[in-house]
Every structure is written in C-alpha cells, then in structure tokens.
$ cat upload-v2.tsv   # TSV, C-alpha atoms
chain	number	residue	atom	x	y	z
A	8	MET	CA	114.86	173.24	156.67
A	9	VAL	CA	115.27	169.57	157.43
A	10	ASP	CA	112.00	169.83	159.36
A	11	ALA	CA	110.28	171.18	156.25
A	12	LEU	CA	111.57	168.27	154.18
A	13	LYS	CA	110.45	165.81	156.83
A	14	GLU	CA	107.00	167.38	156.74
A	15	ALA	CA	106.98	167.29	152.95
A	16	ARG	CA	107.69	163.57	153.12
A	17	ARG	CA	104.89	163.04	155.63
A	18	ILE	CA	102.22	164.55	153.39
A	19	LEU	CA	103.52	162.89	150.19
A	20	ARG	CA	102.23	159.51	149.16
A	21	PRO	CA	104.87	156.81	148.64
A	22	ARG	CA	106.61	157.41	145.29
A	23	GLY	CA	105.16	160.92	145.22
A	24	LEU	CA	107.17	163.74	143.68
A	25	LEU	CA	109.05	166.50	145.47
A	26	ILE	CA	110.27	169.43	143.38
A	27	ASP	CA	112.92	171.67	144.94
A	28	ALA	CA	113.84	174.78	142.93
A	29	ARG	CA	116.06	177.64	144.02
A	30	PRO	CA	118.25	180.37	142.62
A	31	ASP	CA	121.60	178.86	141.68
A	32	SER	CA	124.31	180.71	143.54
A	33	ARG	CA	127.01	178.39	142.18
A	34	VAL	CA	127.10	180.45	139.00
A	35	PHE	CA	127.07	184.18	138.34
A	36	ALA	CA	124.01	186.05	137.22
A	37	TYR	CA	124.60	188.39	134.29
A	38	ALA	CA	123.71	191.96	133.45
A	39	GLU	CA	122.61	192.09	129.84
A	40	ARG	CA	121.73	194.95	127.52
A	41	GLN	CA	119.02	194.56	124.94
A	42	THR	CA	120.24	195.63	121.52
A	43	SER	CA	118.16	197.28	118.82
A	44	THR	CA	117.55	193.84	117.25
A	45	GLY	CA	116.02	192.59	120.49
A	46	ALA	CA	118.92	190.31	121.33
A	47	TYR	CA	120.57	190.45	124.75
A	48	ARG	CA	124.31	191.02	125.08
A	49	ARG	CA	126.21	190.23	128.25
A	50	ALA	CA	127.74	193.32	129.82
A	51	GLY	CA	128.71	192.22	133.30
A	52	ALA	CA	128.54	189.57	135.97
A	53	ILE	CA	126.67	189.71	139.28
A	54	ALA	CA	127.74	187.61	142.24
A	55	THR	CA	125.56	186.25	145.00
A	56	SER	CA	125.96	187.87	148.41
A	57	ARG	CA	127.93	185.99	151.03
A	58	GLU	CA	124.88	185.66	153.29
A	59	GLU	CA	122.85	184.05	150.54
A	60	HIS	CA	125.70	181.69	149.71
A	61	THR	CA	125.59	180.57	153.32
A	62	ASN	CA	121.82	180.11	153.21
A	63	ASP	CA	122.09	178.12	150.00
A	64	ARG	CA	124.69	175.84	151.52
A	65	ARG	CA	122.38	175.25	154.48
A	66	SER	CA	119.60	174.30	152.06
A	67	ASP	CA	121.96	171.94	150.25
A	68	ASP	CA	122.92	170.34	153.55
A	69	SER	CA	119.24	169.88	154.46
A	70	VAL	CA	118.48	168.18	151.16
A	71	ALA	CA	121.55	165.96	151.55
A	72	THR	CA	120.37	165.00	155.04
A	73	ALA	CA	116.91	164.12	153.73
A	74	VAL	CA	118.42	161.88	151.06
A	75	ARG	CA	120.87	160.33	153.50
A	76	ASN	CA	118.00	159.62	155.89
A	77	GLY	CA	116.26	157.66	153.16
A	78	TRP	CA	113.29	160.03	152.87
A	79	PHE	CA	113.79	160.83	149.19
A	80	ARG	CA	115.61	159.56	146.14
A	81	SER	CA	116.92	161.98	143.55
A	82	LEU	CA	115.38	161.50	140.11
A	83	ARG	CA	116.85	164.37	138.16
A	84	ALA	CA	118.69	167.65	138.70
A	85	SER	CA	119.32	170.46	136.29
A	86	ARG	CA	119.37	174.22	135.86
A	87	PHE	CA	117.55	176.73	133.71
A	88	TRP	CA	117.93	180.46	133.11
A	89	HIS	CA	115.45	183.27	133.07
A	90	ARG	CA	115.61	187.02	132.64
A	91	VAL	CA	114.22	189.72	134.87
A	92	LEU	CA	113.63	192.71	132.61
A	93	PHE	CA	114.21	196.39	133.36
A	94	GLU	CA	113.33	199.43	131.34
A	95	ASP	CA	116.81	200.96	131.72
A	96	ARG	CA	120.10	200.54	133.56
A	97	PRO	CA	119.23	202.74	136.58
A	98	ALA	CA	116.14	200.56	137.12
A	99	MET	CA	118.33	197.47	137.12
A	100	GLN	CA	120.76	199.10	139.53
A	101	GLY	CA	117.87	200.09	141.77
A	102	TYR	CA	116.78	196.48	141.88
A	103	LEU	CA	120.31	195.36	142.77
A	104	ASP	CA	120.53	198.01	145.49
A	105	ASP	CA	117.36	196.64	147.12
A	106	HIS	CA	117.97	192.97	146.54
A	107	VAL	CA	119.55	190.89	149.31
A	108	ARG	CA	120.46	187.94	147.10
A	109	PHE	CA	122.92	189.71	144.86
A	110	VAL	CA	125.89	191.90	145.61
A	111	HIS	CA	125.06	195.45	144.64
A	112	ARG	CA	127.91	196.08	142.20
A	113	VAL	CA	128.04	194.60	138.73
A	114	ARG	CA	131.45	193.38	137.55
A	115	TRP	CA	131.33	195.17	134.22
A	116	THR	CA	132.89	193.71	131.12
A	117	ILE	CA	132.12	196.83	129.07
A	118	ASP	CA	133.78	200.18	129.56
A	119	PRO	CA	132.12	203.15	131.30
A	120	THR	CA	131.61	205.02	128.03
A	121	LYS	CA	129.41	202.24	126.67
A	122	ARG	CA	127.55	201.95	129.96
A	123	ARG	CA	126.70	205.63	129.76
A	124	ARG	CA	125.76	205.39	126.08
A	125	TRP	CA	123.45	202.46	126.74
A	126	GLU	CA	122.08	203.81	130.01
A	127	ASN	CA	118.54	204.19	128.67
A	128	ASP	CA	118.37	200.93	126.73
A	129	PRO	CA	116.39	198.02	128.17
A	130	TRP	CA	118.45	195.82	130.47
A	131	ALA	CA	117.98	192.44	132.08
A	132	ILE	CA	119.43	190.28	134.80
A	133	ARG	CA	119.80	186.73	133.54
A	134	ARG	CA	119.87	184.36	136.47
A	135	ALA	CA	120.14	180.63	136.96
A	136	VAL	CA	117.60	178.48	138.73
A	137	ARG	CA	118.63	175.03	139.90
A	138	TYR	CA	116.11	172.33	140.51
A	139	GLU	CA	115.96	168.73	141.57
A	140	LEU	CA	113.14	166.21	141.41
A	141	PHE	CA	112.90	163.64	144.16
A	142	GLU	CA	110.80	160.56	144.68
A	143	ARG	CA	109.39	159.97	148.12
A	144	ILE	CA	110.66	156.70	149.53
B	29	MET	CA	114.24	181.53	128.60
B	30	VAL	CA	112.82	185.00	129.04
B	31	THR	CA	110.11	186.15	131.38
B	32	SER	CA	107.20	187.72	129.58
B	33	THR	CA	106.87	190.58	132.00
B	34	SER	CA	108.35	193.94	131.14
B	35	ALA	CA	110.10	196.41	133.37
B	36	VAL	CA	108.59	194.86	136.45
B	37	GLY	CA	111.87	195.12	138.32
B	38	ARG	CA	111.33	198.85	138.49
B	39	LEU	CA	107.60	198.99	138.83
B	40	LEU	CA	106.77	196.17	141.19
B	41	PRO	CA	109.86	195.07	143.09
B	42	ALA	CA	107.83	193.75	146.02
B	43	ILE	CA	105.73	191.34	143.96
B	44	SER	CA	108.24	188.56	143.81
B	45	SER	CA	106.27	186.39	141.41
B	46	LEU	CA	106.70	188.98	138.68
B	47	LEU	CA	110.44	188.65	139.07
B	48	ARG	CA	110.34	184.89	138.62
B	49	PRO	CA	109.76	182.70	135.61
B	50	PRO	CA	106.19	182.24	134.41
B	51	PRO	CA	104.85	179.03	135.99
B	52	ALA	CA	104.29	177.39	132.60
B	53	ASP	CA	107.97	177.86	131.78
B	54	GLU	CA	109.01	176.56	135.15
B	55	LEU	CA	106.78	173.50	134.87
B	56	ARG	CA	108.11	172.79	131.40
B	57	GLU	CA	111.66	172.82	132.73
B	58	TYR	CA	110.75	170.31	135.43
B	59	GLY	CA	109.28	167.90	132.92
B	60	GLY	CA	105.98	169.36	131.73
B	61	ILE	CA	102.39	169.45	132.83
B	62	GLY	CA	102.29	165.65	133.02
B	63	LEU	CA	103.99	165.98	136.39
B	64	VAL	CA	100.89	167.57	137.88
B	65	ARG	CA	98.07	166.41	135.59
B	66	ARG	CA	95.16	165.00	137.62
B	67	LYS	CA	97.38	165.07	140.72
B	68	ARG	CA	96.94	166.49	144.19
B	69	VAL	CA	99.55	169.21	144.38
B	70	ILE	CA	100.77	171.44	147.19
B	71	ASP	CA	102.95	174.50	146.73
B	72	VAL	CA	104.74	175.09	150.03
B	73	GLY	CA	105.85	178.71	150.37
B	74	CYS	CA	103.43	179.65	147.64
B	75	GLY	CA	103.72	183.42	148.04
B	76	ASP	CA	101.07	185.09	145.91
B	77	GLY	CA	100.15	181.79	144.28
B	78	ARG	CA	102.31	181.93	141.17
B	79	MET	CA	103.10	178.21	140.89
B	80	ALA	CA	99.94	176.95	142.57
B	81	LEU	CA	97.74	178.83	140.12
B	82	GLY	CA	100.00	177.74	137.28
B	83	CYS	CA	99.36	174.10	138.20
B	84	ALA	CA	95.62	174.56	138.75
B	85	PRO	CA	94.47	174.06	135.13
B	86	TYR	CA	96.04	170.59	135.06
B	87	ALA	CA	95.91	169.27	138.62
B	88	SER	CA	92.86	167.74	140.28
B	89	GLU	CA	93.40	169.75	143.45
B	90	VAL	CA	95.97	172.35	144.48
B	91	PHE	CA	96.84	173.80	147.85
B	92	GLY	CA	99.13	176.73	148.50
B	93	VAL	CA	100.60	177.40	151.93
B	94	ASP	CA	102.58	180.43	152.99
B	95	PRO	CA	103.33	182.07	156.36
B	96	ASP	CA	102.57	185.56	155.00
B	97	PRO	CA	98.84	186.37	155.38
B	98	SER	CA	99.05	189.24	152.87
B	99	ALA	CA	100.52	186.90	150.25
B	100	ILE	CA	97.71	184.43	150.90
B	101	ARG	CA	95.10	187.18	150.53
B	102	LEU	CA	96.65	188.12	147.21
B	103	ALA	CA	96.73	184.50	146.07
B	104	ARG	CA	93.06	184.04	146.97
B	105	ALA	CA	92.15	187.22	145.11
B	106	LYS	CA	94.02	186.01	142.02
B	107	ALA	CA	92.25	182.66	142.20
B	108	ARG	CA	88.86	184.42	142.39
B	109	GLU	CA	89.77	186.72	139.48
B	110	ARG	CA	90.71	183.75	137.33
B	111	GLY	CA	87.71	181.68	138.35
B	112	VAL	CA	89.91	178.91	139.71
B	113	THR	CA	87.84	176.48	141.76
B	114	ASN	CA	90.21	173.61	142.51
B	115	THR	CA	92.76	175.63	144.48
B	116	GLN	CA	92.84	176.65	148.12
B	117	PHE	CA	95.30	178.82	149.99
B	118	LYS	CA	96.13	178.62	153.68
B	119	VAL	CA	98.38	180.52	156.03
B	120	GLY	CA	100.88	178.08	157.48
B	121	VAL	CA	104.50	177.10	157.83
B	122	ALA	CA	106.40	174.40	156.00
B	123	GLN	CA	107.37	172.67	159.22
B	124	GLU	CA	103.75	172.05	160.26
B	125	LEU	CA	101.41	171.51	157.35
B	126	PRO	CA	97.72	171.03	158.16
B	127	PHE	CA	97.20	167.94	156.01
B	128	ALA	CA	96.87	164.23	156.58
B	129	ASP	CA	99.73	161.83	155.96
B	130	GLU	CA	100.28	160.84	152.33
B	131	HIS	CA	97.63	163.27	151.07
B	132	PHE	CA	99.56	164.66	148.08
B	133	ASP	CA	101.05	163.35	144.87
B	134	VAL	CA	103.33	166.34	144.34
B	135	VAL	CA	105.02	168.78	146.72
B	136	ILE	CA	106.56	171.90	145.20
B	137	LEU	CA	109.20	173.89	147.05
B	138	SER	CA	109.86	176.69	144.61
B	139	TRP	CA	112.18	179.34	146.06
B	140	THR	CA	111.29	177.95	149.50
B	141	LEU	CA	114.25	176.08	151.01
$ encode --input "upload-v2.tsv" --output "structure tokens"
Amino acid sequence: MVDALKEARRILRPRGLLIDARPDSRVFAYAERQTSTGAYRRAGAIATSREEHTNDRRSDDSVATAVRNGWFRSLRASRFWHRVLFEDRPAMQGYLDDHVRFVHRVRWTIDPTKRRRWENDPWAIRRAVRYELFERI
Amino acid sequence: MVTSTSAVGRLLPAISSLLRPPPADELREYGGIGLVRRKRVIDVGCGDGRMALGCAPYASEVFGVDPDPSAIRLARAKARERGVTNTQFKVGVAQELPFADEHFDVVILSWTL
C-alpha cells in the first residue's frame, strides 16, 4: 500500500490533491428498518470482521508512513454515512452472509418478536465512510 | 445520506458500485465539484467506473485504472452508453501506473487502500 501511495505522489503535480476514502471500521455499521413513514429506525449494530480491521490498520499505517516521509500533507479528514438498501430483512442477512467486511451476525437491539413482525419491511445497512484529503508535497 | 438505489443488495451484490454512495454525494462530502473542475483526475482502483464517470462532467480529463479487466470493460461500456468522451479506462495496478510524472491534479483512492 505504501508503494501505491508513492506512485500516487509520482503522478501528482506538486500541491495536487489526493483523496483517500474507505469504509470506517472504527465505528459500527447499523441495521435499520424503514418505517411506514419512510424514516429509518436503528434495530441493531454490525461489527467489522477481524480480518478487515487488520487490513484497515495496515492502510492507516501506510498513510501514516506516506505523511511521515513527507510525500503528503493532510488537509482535512472527516466521515460520512450512507445506506445500502434491501427489500426485506432476509435480503439484508443474505448480504451480510456473503460480505467479508462485516461479521455475519447483527447485534440486535430489538426483540425477536419485532424482528419477525418486521421481516418483510424494507431494511438498510447504514455504514460510515472515512475520508482524508491530502496535498502532494 | 441515503443511496438512491433500491434493493440492490439483494439483486446485484456483485456490482459493488451500486452498494456505494452515488459519486455526486461522495464528491460533495469531499468538498464539491470544485475539487475536480477543469482538472486532470485519476481514479485508482476505479472498479466499474463509478467515481471516474461521476467526475467526468466537471473534469477536463479523467482516467480510471483497475486490475480487473472485466471491471474495466464494464466501465468502458458505461462511458460509451453515457456518451462520455473525456474519460479513459485502463487495466493496471496502483503500484505501477502508466502515466508520466506529475501528470494529474487529483488522485482518487476510493475504497482502494
């Protein structure tokens, strides 16, 4: 990954902009149910898998190395959220079963009766994306 | 922020761009289209061209690079469908980009590192 950042620096003009955006594993993603009014209500938390945590830390280390080497200067860092939508809860669970980033089990904050009752409602996974803007030195 | 796609998690799990934010939303979060307006932009790890094609209406020139040939084929097809003429896609890896030194104003690594 450091090699990729070194290459990014090579092709960037001086003071050019590097944008690094990645899923933010420092916070939970959330399982949300869409209510009849269209609003989303949080119903559980979804952790990032251990392997992906490790990969994310490696990416962080690479970026830190690039900054320490004087290749880039951080301009701004923040986070935003977006929702991946599913037509029902089994569809969301199917996605989690296939997805390597997340653990497969939701930590539910609603009881099983409600989960069953809302099984066929639209659901979403609300996840965080972290990003940082860098200036090429 | 909410993606505008619906039920794509079930229908198209392999098309990663449909599981990610729309490029306009993502650009707005980073600071808006001014970041790429009239700039030479490269999207490294471009996949099926989501961000590269999102930047194309504003940038002077856009390149997308990805190691997956099928993703690049899809990106090229999308560019043709949309009539985008200032964007090119190449198969390649982030560690060895086929461009001259200091060629770009903006490098995007979106879901790449």
$ closest_atom_pairs --input "upload-v2.tsv" --of "chain A" --to "chain B" --cutoff "8 Å" --atoms "all atoms listed in the file" --output "Markdown table"
| residue | atom | partner | partner_atom | distance |
| --- | --- | --- | --- | --- |
| A:Met8 | CA | B:Leu141 | CA | 6.4 |
| A:Asp10 | CA | B:Gln123 | CA | 5.4 |
| A:Ala11 | CA | B:Gln123 | CA | 4.4 |
| A:Leu12 | CA | B:Gln123 | CA | 7.9 |
| A:Lys13 | CA | B:Gln123 | CA | 7.9 |
| A:Glu14 | CA | B:Gln123 | CA | 5.9 |
| A:Ala15 | CA | B:Val135 | CA | 6.7 |
| A:Arg16 | CA | B:Glu130 | CA | 7.9 |
| A:Arg17 | CA | B:Asp129 | CA | 5.3 |
| A:Ile18 | CA | B:Glu130 | CA | 4.3 |
| A:Leu19 | CA | B:Glu130 | CA | 4.4 |
| A:Arg20 | CA | B:Glu130 | CA | 4.0 |
| A:Pro21 | CA | B:Glu130 | CA | 7.1 |
| A:Gly23 | CA | B:Asp133 | CA | 4.8 |
| A:Leu24 | CA | B:Val134 | CA | 4.7 |
| A:Leu25 | CA | B:Val135 | CA | 4.8 |
| A:Ile26 | CA | B:Ile136 | CA | 4.8 |
| A:Asp27 | CA | B:Leu137 | CA | 4.8 |
| A:Ala28 | CA | B:Ser138 | CA | 4.7 |
| A:Arg29 | CA | B:Trp139 | CA | 4.7 |
| A:Pro30 | CA | B:Trp139 | CA | 7.1 |
| A:Ser66 | CA | B:Leu141 | CA | 5.7 |
| A:Phe87 | CA | B:Glu57 | CA | 7.1 |
| A:Trp88 | CA | B:Met29 | CA | 5.9 |
| A:His89 | CA | B:Met29 | CA | 4.9 |
| A:Arg90 | CA | B:Val30 | CA | 5.0 |
| A:Val91 | CA | B:Leu47 | CA | 5.8 |
| A:Leu92 | CA | B:Ala35 | CA | 5.2 |
| A:Phe93 | CA | B:Ala35 | CA | 4.1 |
| A:Glu94 | CA | B:Ala35 | CA | 4.9 |
| A:Ala98 | CA | B:Arg38 | CA | 5.3 |
| A:Met99 | CA | B:Gly37 | CA | 7.0 |
| A:Gly101 | CA | B:Arg38 | CA | 7.4 |
| A:Tyr102 | CA | B:Gly37 | CA | 6.2 |
| A:Tyr138 | CA | B:Tyr58 | CA | 7.7 |
| A:Leu140 | CA | B:Tyr58 | CA | 7.6 |
$ closest_residue --input "upload-v2.tsv" --among "B:Arg56, B:Lys106, B:Arg66, B:Arg101" --to "Ala87 of chain B" --atoms "all atoms listed in the file"
B:Arg66
$ closest_residue --input "upload-v2.tsv" --among "B:Gly120, B:Pro51, B:Gly60, B:Gly111" --to "Gly73 of chain B" --atoms "all atoms listed in the file"
B:Gly120
$ atom_distance --input "upload-v2.tsv" --atom1 "atom CA of Ala73 of chain A" --atom2 "atom CA of Val9 of chain A"
6.8 Å
$ atom_distance --input "upload-v2.tsv" --atom1 "atom CA of Val119 of chain B" --atom2 "atom CA of Asp63 of chain A"
24.6 Å
$ atom_distance --input "upload-v2.tsv" --atom1 "atom CA of Val107 of chain A" --atom2 "atom CA of Ala54 of chain A"
11.3 Å
$ residues_near_point --input "upload-v2.tsv" --point "(119.9, 199.9, 125.4)" --cutoff "6 Å" --atoms "all atoms listed in the file" --output "VMD selection string"
chain A and resid 40 to 42 125 127 to 129
$ residues_around --input "upload-v2.tsv" --residues "Val34 of chain A" --least-positions-apart "4" --cutoff "9 Å" --atoms "all atoms listed in the file" --output "number ranges by chain"
A: 54-55, 134-135
$ residues_around --input "upload-v2.tsv" --residues "Phe91 of chain B" --least-positions-apart "4" --cutoff "6 Å" --atoms "all atoms listed in the file" --output "MDAnalysis selection string"
chainID B and resid 70 115:117
$ write_last_selection --input "upload-v2.tsv" --atoms "C-alpha atoms" --output "PDB file, in the frame of the given file"
ATOM      1  CA  ILE B  70     100.770 171.440 147.190  1.00  0.00           C
ATOM      2  CA  THR B 115      92.760 175.630 144.480  1.00  0.00           C
ATOM      3  CA  GLN B 116      92.840 176.650 148.120  1.00  0.00           C
ATOM      4  CA  PHE B 117      95.300 178.820 149.990  1.00  0.00           C
TER       5      PHE B 117
END
$ closest_residue --input "upload-v2.tsv" --among "A:Arg137, A:Arg122, A:Arg22, A:His106" --to "Ala84 of chain A" --atoms "only C-alpha atoms"
A:Arg137
$ closest_residue --input "upload-v2.tsv" --among "B:Ala105, B:Gly92, B:Asn114, B:Pro97" --to "Gly77 of chain B" --atoms "only C-alpha atoms"
B:Gly92
$ axis_aligned_box --input "upload-v2.tsv" --around "segment 83-88 of chain A" --padding-each-side "3 Å" --output "JSON"
{"center_x": 118.1, "center_y": 172.4, "center_z": 135.9, "size_x": 8.5, "size_y": 22.1, "size_z": 11.6}
